[in-house]
Structure formats: C-alpha cells, structure tokens
Amino acid sequence: MVIGYSMADLSVELAGIRLKNPTILASGIMGSDKASLKKVADSGAGAVTIKSISKDPKSGHPNPTVVEVEGGFLNAIGYCNMGLENAKLEFAAVSSVGVPVIASIVAEDAEGFTYLAEEMSALEFSAIELALSCPHTPGLGLLAGQGTPEATFEITKRVCSKAKLPVIVKMSPNSLDLGEIAKSAVKAGAKALNMGNSLGPGMVIETKSGKPVLDFKVGGMSGPIVKPIAVRCVYDVYEATRGKVPVIGTGGVAKGLDAVEMIMAGASAVGIGTGVYYQGLNVFREVSREIEEFMKRRGVQKLRELVGVAHG
Ligand SMILES: Cc1cc2nc3c(=O)[nH]c(=O)nc-3n(C[C@H](O)[C@H](O)[C@H](O)COP(=O)(O)O)c2cc1C
C-alpha cells in the first residue's frame, strides 16, 4: 500500500560531499577540537568547519576579543589557533565526528596555503576551505591583498593543483567585485564558494574611558545585523557564477527563514556562526526543522528547487 504523504528532502550535494541538511557550523565557533565538533554534529549540523589553522600556532589578539553590539558581535580574535602540527593530532581520525568536516586554513601567501592544504589532505577531512577574507588581521586575508580576483585565482589554482580534497573559497562581503572574485575562484578549480566572512572592520568605543572596547580596537561584524548584506552578496555571486558551483551562504543565519532567504538568493547550504551564541546548539536542528516546515507548506519536495528562486 502506498501512503500518500510527501517528505521534504533537505539533503544537499556540495563539492562532491553529501550533507543530510544544509546547516554548516561556520569556522571559528566551537571548531577548535574534535569533541566540540562531535557535539555540534550530534546537535544536527549537516557539516562542521574547524577553526582556521595556520602553519605555526598563533596566540591571537589580547582580550577583550569579542564584544556584543546591537544585532550581532564584533570580534578580533586574530586567528588564535593551535597550528598545523597540533591540528594533525587533534583532528586525527576526524571522520568519527559523524558528519563531513571541513578544514579551514589561513596563510600569508599561495605557497603557505598550498603547504597547509597538502598536509590537511592527508587527514580525513571532506573539503578544505581557504579563508581569503578576514577583514582585520594584519598579514592575512584582505589586509594581505587576498581578496582580489587575481590573488584569489593564484592562491586557489596553486592549492587545487596539490590538494587531494575539494576546495572551498571563503570570500568577503567587503569586496566590491564579488562576481569577478567568484568567477576567478571557479576558474581556478574551487568546487564551492563560501559567501562569506565577517564584515568590517567596525569599532565600539566605551564612552566612560573614551577607548575602543576591543584590545585590537577594530573587529569583524557578524550576526543578524549583517544578514541583508550577506544575502545580497550571495545573490551577486550566484548571478555571476550561474550556479556553476554551490554557494554556502554565511552571515546572520539563526532561523529557518534566514536560511530560506539565503537559499532563495542562491545558496545551496548555510553557514551558522553567531547563531550558536544566540540559540545554543539547538540552532542546527531548529533551522532544519523550520526549513522543512516551510517546504511542506509550499509543497516543495527538494531543497534545490528553492536555490536561486529570487533570480526569477
Ligand atoms: C568569534 C568568531 C571567530 C571567527 N573565526 C573565524 C575563523 O577562524 N576563520 C574564518 O574563516 N571565519 C571566522 N569567523 C567568521 C565566521 O565563520 C562567519 O563567516 C561570520 O561570523 C559570519 O557568520 P555569522 O553571522 O553566522 O557568525 C569567526 C567569527 C566569529 C564570530
């Protein structure tokens, strides 16, 4: 007997990886150790991303490194991370996390990225994400000139020639030529794009002392306040690449309808960072449940039917 009900299919194919749902833990949030990644996976995330790793350990900026603002956070962590050798130990047998794990890496130049990508390829990661887009760390990301179409092409091409895993390029909402950057990344071999990193830098001044709150003075903005910009960036990237590679929409997603908006703009999956602070680990299951409810209400059976519908 056939029972007449329809199921909403939330699964996503991304850079050759199958995700059971489109929610991905963004880099920098609970991604510094395998146990935390497992906790996030057990809480319903479709995939998880590790905190960006550099070749050598980095102590990052002194505290305070994060301050809450209306509608989000300003952070200047300064890529505090354990470095490659420790990461190899921490993330050994990382497939035990239970969902695909994406390795995020940062370096000063193409050679540094290529070295890290080759080393990370030896572990059980599902993909490698190149963070070319931090808006506020000297020597890395935008401040190292990595956010141009030319630099994106050069770094991505060199990494793709050596990495044995699919490469994701993480872009910046600060960039004005997103279409060109996205096309350069795809031409160089990227299998997906993450749009994107935090926005800024911004500054908060503590009026009693008259001094910036963050020790580093400025930081990148994240959370609901950046969502309209992130949605527009995803829209622009999708328009330029015409769906050639999947886009991960990151910036301010905390609810199912935020995710639906990102998907309608052209994202195939969504990154969630600051949403974890606001909603707790339940955010992944709740966002998935709310997307599923939306699909059922609209009679949408497969999530990919919604990808890019805002483009007409
Ligand atoms: C505390 C903090 C640390 C972050 N660290 C990284 C990082 O190491 N690498 C990276 O690519 N992005 C990092 N990000 C950026 C996030 O991955 C994400 O792109 C950004 O916060 C926007 O998404 P959201 O609004 O969901 O947080 C960090 C963000 C926050 C708030």
# chains A, B, ... in the order shown; residues from 1 in each chain; ligands from 1
$ residues_around --residues "range 149-155 of chain A" --least-positions-apart "4" --cutoff "7 Å" --atoms "only C-alpha atoms" --output "list of chain:residue names"
A:Ala110, A:Val159, A:Glu180, A:Ile181, A:Ser184, A:Ala185, A:Ala188
$ write_last_selection --atoms "N, CA, C and O atoms" --output "PDB file, in the first residue's frame"
ATOM      1  N   ALA A 110      50.242  32.184  -1.355  1.00  0.00           N
ATOM      2  CA  ALA A 110      49.818  30.971  -2.064  1.00  0.00           C
ATOM      3  C   ALA A 110      50.635  29.756  -1.627  1.00  0.00           C
ATOM      4  O   ALA A 110      50.088  28.650  -1.461  1.00  0.00           O
ATOM      5  N   VAL A 159      46.620  25.844  -4.865  1.00  0.00           N
ATOM      6  CA  VAL A 159      46.100  24.886  -3.878  1.00  0.00           C
ATOM      7  C   VAL A 159      45.444  23.704  -4.599  1.00  0.00           C
ATOM      8  O   VAL A 159      45.698  22.537  -4.263  1.00  0.00           O
ATOM      9  N   GLU A 180      33.600  38.965 -10.015  1.00  0.00           N
ATOM     10  CA  GLU A 180      34.905  38.637 -10.601  1.00  0.00           C
ATOM     11  C   GLU A 180      35.688  37.689  -9.700  1.00  0.00           C
ATOM     12  O   GLU A 180      36.370  36.766 -10.172  1.00  0.00           O
ATOM     13  N   ILE A 181      35.607  37.921  -8.403  1.00  0.00           N
ATOM     14  CA  ILE A 181      36.326  37.055  -7.454  1.00  0.00           C
ATOM     15  C   ILE A 181      35.757  35.637  -7.536  1.00  0.00           C
ATOM     16  O   ILE A 181      36.495  34.652  -7.605  1.00  0.00           O
ATOM     17  N   SER A 184      36.839  33.961 -10.705  1.00  0.00           N
ATOM     18  CA  SER A 184      38.260  33.591 -10.625  1.00  0.00           C
ATOM     19  C   SER A 184      38.435  32.318  -9.811  1.00  0.00           C
ATOM     20  O   SER A 184      39.218  31.434 -10.180  1.00  0.00           O
ATOM     21  N   ALA A 185      37.719  32.232  -8.699  1.00  0.00           N
ATOM     22  CA  ALA A 185      37.836  31.048  -7.840  1.00  0.00           C
ATOM     23  C   ALA A 185      37.379  29.798  -8.592  1.00  0.00           C
ATOM     24  O   ALA A 185      38.039  28.752  -8.543  1.00  0.00           O
ATOM     25  N   ALA A 188      39.773  28.759 -11.271  1.00  0.00           N
ATOM     26  CA  ALA A 188      40.992  28.173 -10.691  1.00  0.00           C
ATOM     27  C   ALA A 188      40.750  26.778 -10.119  1.00  0.00           C
ATOM     28  O   ALA A 188      41.698  26.104  -9.713  1.00  0.00           O
TER      29      ALA A 188
END
$ closest_atom_pairs --of "chain A" --to "ligand 1" --cutoff "8 Å" --atoms "only C-alpha atoms and all ligand atoms" --output "JSON lines"
{"residue": "A:Leu25", "atom": "CA", "partner": "ligand 1", "partner_atom_place_in_ligand_line": "17 (O)", "distance": 8.0}
{"residue": "A:Ala26", "atom": "CA", "partner": "ligand 1", "partner_atom_place_in_ligand_line": "17 (O)", "distance": 4.2}
{"residue": "A:Ser27", "atom": "CA", "partner": "ligand 1", "partner_atom_place_in_ligand_line": "17 (O)", "distance": 4.0}
{"residue": "A:Gly28", "atom": "CA", "partner": "ligand 1", "partner_atom_place_in_ligand_line": "5 (N)", "distance": 3.3}
{"residue": "A:Ile29", "atom": "CA", "partner": "ligand 1", "partner_atom_place_in_ligand_line": "3 (C)", "distance": 5.8}
{"residue": "A:Ile50", "atom": "CA", "partner": "ligand 1", "partner_atom_place_in_ligand_line": "8 (O)", "distance": 8.0}
{"residue": "A:Lys51", "atom": "CA", "partner": "ligand 1", "partner_atom_place_in_ligand_line": "8 (O)", "distance": 4.7}
{"residue": "A:Ser52", "atom": "CA", "partner": "ligand 1", "partner_atom_place_in_ligand_line": "8 (O)", "distance": 4.2}
{"residue": "A:Ile53", "atom": "CA", "partner": "ligand 1", "partner_atom_place_in_ligand_line": "8 (O)", "distance": 7.5}
{"residue": "A:Val66", "atom": "CA", "partner": "ligand 1", "partner_atom_place_in_ligand_line": "1 (C)", "distance": 6.7}
{"residue": "A:Gly72", "atom": "CA", "partner": "ligand 1", "partner_atom_place_in_ligand_line": "25 (O)", "distance": 7.5}
{"residue": "A:Phe73", "atom": "CA", "partner": "ligand 1", "partner_atom_place_in_ligand_line": "31 (C)", "distance": 6.4}
{"residue": "A:Leu74", "atom": "CA", "partner": "ligand 1", "partner_atom_place_in_ligand_line": "31 (C)", "distance": 7.1}
{"residue": "A:Asn75", "atom": "CA", "partner": "ligand 1", "partner_atom_place_in_ligand_line": "1 (C)", "distance": 5.6}
{"residue": "A:Ala76", "atom": "CA", "partner": "ligand 1", "partner_atom_place_in_ligand_line": "1 (C)", "distance": 7.6}
{"residue": "A:Ile77", "atom": "CA", "partner": "ligand 1", "partner_atom_place_in_ligand_line": "3 (C)", "distance": 6.2}
{"residue": "A:Tyr79", "atom": "CA", "partner": "ligand 1", "partner_atom_place_in_ligand_line": "8 (O)", "distance": 5.4}
{"residue": "A:Cys80", "atom": "CA", "partner": "ligand 1", "partner_atom_place_in_ligand_line": "8 (O)", "distance": 7.7}
{"residue": "A:Ser104", "atom": "CA", "partner": "ligand 1", "partner_atom_place_in_ligand_line": "11 (O)", "distance": 6.6}
{"residue": "A:Ile105", "atom": "CA", "partner": "ligand 1", "partner_atom_place_in_ligand_line": "9 (N)", "distance": 7.7}
{"residue": "A:Val106", "atom": "CA", "partner": "ligand 1", "partner_atom_place_in_ligand_line": "9 (N)", "distance": 7.8}
{"residue": "A:Glu129", "atom": "CA", "partner": "ligand 1", "partner_atom_place_in_ligand_line": "11 (O)", "distance": 7.9}
{"residue": "A:Leu130", "atom": "CA", "partner": "ligand 1", "partner_atom_place_in_ligand_line": "11 (O)", "distance": 7.6}
{"residue": "A:Ala131", "atom": "CA", "partner": "ligand 1", "partner_atom_place_in_ligand_line": "11 (O)", "distance": 4.7}
{"residue": "A:Leu132", "atom": "CA", "partner": "ligand 1", "partner_atom_place_in_ligand_line": "11 (O)", "distance": 7.8}
{"residue": "A:Ser133", "atom": "CA", "partner": "ligand 1", "partner_atom_place_in_ligand_line": "11 (O)", "distance": 7.2}
{"residue": "A:Cys134", "atom": "CA", "partner": "ligand 1", "partner_atom_place_in_ligand_line": "11 (O)", "distance": 6.8}
{"residue": "A:Lys170", "atom": "CA", "partner": "ligand 1", "partner_atom_place_in_ligand_line": "11 (O)", "distance": 6.8}
{"residue": "A:Met195", "atom": "CA", "partner": "ligand 1", "partner_atom_place_in_ligand_line": "19 (O)", "distance": 7.8}
{"residue": "A:Gly196", "atom": "CA", "partner": "ligand 1", "partner_atom_place_in_ligand_line": "19 (O)", "distance": 5.2}
{"residue": "A:Asn197", "atom": "CA", "partner": "ligand 1", "partner_atom_place_in_ligand_line": "19 (O)", "distance": 3.5}
{"residue": "A:Ser198", "atom": "CA", "partner": "ligand 1", "partner_atom_place_in_ligand_line": "20 (C)", "distance": 4.3}
{"residue": "A:Leu199", "atom": "CA", "partner": "ligand 1", "partner_atom_place_in_ligand_line": "22 (C)", "distance": 7.7}
{"residue": "A:Gly220", "atom": "CA", "partner": "ligand 1", "partner_atom_place_in_ligand_line": "29 (C)", "distance": 7.6}
{"residue": "A:Met221", "atom": "CA", "partner": "ligand 1", "partner_atom_place_in_ligand_line": "21 (O)", "distance": 7.0}
{"residue": "A:Ser222", "atom": "CA", "partner": "ligand 1", "partner_atom_place_in_ligand_line": "25 (O)", "distance": 3.9}
{"residue": "A:Gly223", "atom": "CA", "partner": "ligand 1", "partner_atom_place_in_ligand_line": "25 (O)", "distance": 3.6}
{"residue": "A:Pro224", "atom": "CA", "partner": "ligand 1", "partner_atom_place_in_ligand_line": "25 (O)", "distance": 6.3}
{"residue": "A:Val226", "atom": "CA", "partner": "ligand 1", "partner_atom_place_in_ligand_line": "25 (O)", "distance": 6.6}
{"residue": "A:Lys227", "atom": "CA", "partner": "ligand 1", "partner_atom_place_in_ligand_line": "25 (O)", "distance": 7.1}
{"residue": "A:Thr250", "atom": "CA", "partner": "ligand 1", "partner_atom_place_in_ligand_line": "23 (O)", "distance": 4.9}
{"residue": "A:Gly251", "atom": "CA", "partner": "ligand 1", "partner_atom_place_in_ligand_line": "25 (O)", "distance": 3.6}
{"residue": "A:Gly252", "atom": "CA", "partner": "ligand 1", "partner_atom_place_in_ligand_line": "25 (O)", "distance": 3.6}
{"residue": "A:Val253", "atom": "CA", "partner": "ligand 1", "partner_atom_place_in_ligand_line": "26 (O)", "distance": 5.4}
{"residue": "A:Ala254", "atom": "CA", "partner": "ligand 1", "partner_atom_place_in_ligand_line": "26 (O)", "distance": 7.2}
{"residue": "A:Gly271", "atom": "CA", "partner": "ligand 1", "partner_atom_place_in_ligand_line": "26 (O)", "distance": 6.0}
{"residue": "A:Ile272", "atom": "CA", "partner": "ligand 1", "partner_atom_place_in_ligand_line": "26 (O)", "distance": 4.0}
{"residue": "A:Gly273", "atom": "CA", "partner": "ligand 1", "partner_atom_place_in_ligand_line": "27 (O)", "distance": 3.6}
{"residue": "A:Thr274", "atom": "CA", "partner": "ligand 1", "partner_atom_place_in_ligand_line": "27 (O)", "distance": 3.6}
{"residue": "A:Gly275", "atom": "CA", "partner": "ligand 1", "partner_atom_place_in_ligand_line": "26 (O)", "distance": 5.6}
{"residue": "A:Val276", "atom": "CA", "partner": "ligand 1", "partner_atom_place_in_ligand_line": "26 (O)", "distance": 8.0}
$ select_by_dssp --residues "range 95-140 of chain A" --states "alpha helix (DSSP H)" --output "PyMOL selection string"
chain A and resi 110-121
$ write_last_selection --atoms "all heavy atoms" --output "mmCIF file, in the first residue's frame"
data_model
loop_
_atom_site.group_PDB
_atom_site.id
_atom_site.type_symbol
_atom_site.label_atom_id
_atom_site.label_comp_id
_atom_site.auth_asym_id
_atom_site.auth_seq_id
_atom_site.Cartn_x
_atom_site.Cartn_y
_atom_site.Cartn_z
ATOM 1 N N ALA A 110 50.242 32.184 -1.355
ATOM 2 C CA ALA A 110 49.818 30.971 -2.064
ATOM 3 C C ALA A 110 50.635 29.756 -1.627
ATOM 4 O O ALA A 110 50.088 28.650 -1.461
ATOM 5 C CB ALA A 110 49.964 31.180 -3.570
ATOM 6 N N GLU A 111 51.927 29.967 -1.425
ATOM 7 C CA GLU A 111 52.792 28.852 -1.022
ATOM 8 C C GLU A 111 52.352 28.289 0.341
ATOM 9 O O GLU A 111 52.261 27.079 0.534
ATOM 10 C CB GLU A 111 54.225 29.377 -0.946
ATOM 11 C CG GLU A 111 55.264 28.294 -0.937
ATOM 12 C CD GLU A 111 56.663 28.896 -0.835
ATOM 13 O OE1 GLU A 111 56.868 30.042 -1.279
ATOM 14 O OE2 GLU A 111 57.530 28.203 -0.292
ATOM 15 N N GLY A 112 52.064 29.210 1.263
ATOM 16 C CA GLY A 112 51.626 28.798 2.600
ATOM 17 C C GLY A 112 50.303 28.045 2.552
ATOM 18 O O GLY A 112 50.129 27.004 3.209
ATOM 19 N N PHE A 113 49.363 28.545 1.763
ATOM 20 C CA PHE A 113 48.067 27.869 1.629
ATOM 21 C C PHE A 113 48.255 26.477 1.022
ATOM 22 O O PHE A 113 47.633 25.506 1.454
ATOM 23 C CB PHE A 113 47.119 28.685 0.729
ATOM 24 C CG PHE A 113 46.307 29.717 1.457
ATOM 25 C CD1 PHE A 113 46.606 31.066 1.347
ATOM 26 C CD2 PHE A 113 45.231 29.336 2.260
ATOM 27 C CE1 PHE A 113 45.847 32.020 2.026
ATOM 28 C CE2 PHE A 113 44.464 30.282 2.937
ATOM 29 C CZ PHE A 113 44.783 31.636 2.822
ATOM 30 N N THR A 114 49.136 26.380 0.016
ATOM 31 C CA THR A 114 49.330 25.103 -0.677
ATOM 32 C C THR A 114 49.929 24.071 0.273
ATOM 33 O O THR A 114 49.503 22.910 0.311
ATOM 34 C CB THR A 114 50.245 25.310 -1.909
ATOM 35 O OG1 THR A 114 49.719 26.408 -2.656
ATOM 36 C CG2 THR A 114 50.287 24.086 -2.790
ATOM 37 N N TYR A 115 50.905 24.515 1.058
ATOM 38 C CA TYR A 115 51.533 23.607 2.022
ATOM 39 C C TYR A 115 50.493 23.065 3.018
ATOM 40 O O TYR A 115 50.379 21.854 3.232
ATOM 41 C CB TYR A 115 52.663 24.345 2.761
ATOM 42 C CG TYR A 115 53.301 23.521 3.844
ATOM 43 C CD1 TYR A 115 54.146 22.451 3.518
ATOM 44 C CD2 TYR A 115 53.038 23.766 5.189
ATOM 45 C CE1 TYR A 115 54.712 21.659 4.513
ATOM 46 C CE2 TYR A 115 53.601 22.987 6.192
ATOM 47 C CZ TYR A 115 54.431 21.943 5.846
ATOM 48 O OH TYR A 115 54.982 21.159 6.836
ATOM 49 N N LEU A 116 49.709 23.977 3.576
ATOM 50 C CA LEU A 116 48.693 23.563 4.556
ATOM 51 C C LEU A 116 47.658 22.633 3.917
ATOM 52 O O LEU A 116 47.239 21.634 4.511
ATOM 53 C CB LEU A 116 47.978 24.794 5.122
ATOM 54 C CG LEU A 116 48.742 25.600 6.167
ATOM 55 C CD1 LEU A 116 48.058 26.941 6.398
ATOM 56 C CD2 LEU A 116 48.813 24.824 7.483
ATOM 57 N N ALA A 117 47.261 22.958 2.689
ATOM 58 C CA ALA A 117 46.234 22.154 2.012
ATOM 59 C C ALA A 117 46.748 20.734 1.757
ATOM 60 O O ALA A 117 46.010 19.755 1.937
ATOM 61 C CB ALA A 117 45.825 22.816 0.709
ATOM 62 N N GLU A 118 48.014 20.629 1.376
ATOM 63 C CA GLU A 118 48.582 19.290 1.147
ATOM 64 C C GLU A 118 48.616 18.487 2.434
ATOM 65 O O GLU A 118 48.261 17.315 2.468
ATOM 66 C CB GLU A 118 50.024 19.439 0.635
ATOM 67 C CG GLU A 118 50.126 19.523 -0.860
ATOM 68 C CD GLU A 118 51.586 19.453 -1.306
ATOM 69 O OE1 GLU A 118 52.300 20.446 -1.095
ATOM 70 O OE2 GLU A 118 51.977 18.403 -1.851
ATOM 71 N N GLU A 119 49.036 19.145 3.505
ATOM 72 C CA GLU A 119 49.117 18.465 4.806
ATOM 73 C C GLU A 119 47.721 18.055 5.292
ATOM 74 O O GLU A 119 47.527 16.955 5.783
ATOM 75 C CB GLU A 119 49.771 19.399 5.838
ATOM 76 C CG GLU A 119 51.225 19.698 5.543
ATOM 77 C CD GLU A 119 52.142 18.535 5.888
ATOM 78 O OE1 GLU A 119 52.016 17.999 7.007
ATOM 79 O OE2 GLU A 119 52.967 18.147 5.034
ATOM 80 N N MET A 120 46.759 18.939 5.140
ATOM 81 C CA MET A 120 45.385 18.656 5.602
ATOM 82 C C MET A 120 44.740 17.563 4.749
ATOM 83 O O MET A 120 43.863 16.840 5.219
ATOM 84 C CB MET A 120 44.527 19.921 5.555
ATOM 85 C CG MET A 120 44.894 20.941 6.601
ATOM 86 S SD MET A 120 44.755 20.285 8.273
ATOM 87 C CE MET A 120 44.352 21.751 9.188
ATOM 88 N N SER A 121 45.179 17.447 3.489
ATOM 89 C CA SER A 121 44.620 16.429 2.590
ATOM 90 C C SER A 121 44.898 15.016 3.108
ATOM 91 O O SER A 121 44.217 14.064 2.725
ATOM 92 C CB SER A 121 45.210 16.555 1.187
ATOM 93 O OG SER A 121 44.752 17.716 0.564
#
$ closest_residue --among "A:Val213, A:Val99, A:Met203, A:Val69" --to "Lys20 in chain A" --atoms "only C-alpha atoms"
A:Val99
$ closest_residue --among "A:Gly249, A:Pro212, A:Gly147, A:Pro57" --to "Ala192 in chain A" --atoms "only C-alpha atoms"
A:Gly249
$ closest_residue --among "A:Thr49, A:Ser288, A:Asn81, A:Asn282" --to "Pro100 in chain A" --atoms "only C-alpha atoms"
A:Thr49
$ select_by_dssp --residues "range 24-230 of chain A" --states "strand (DSSP E)" --output "ChimeraX atom specification"
/A:24-25,47-49,66-69,72-75,101-105,127-131,167-171,192-195,199-203,205-206,211-212,218-222
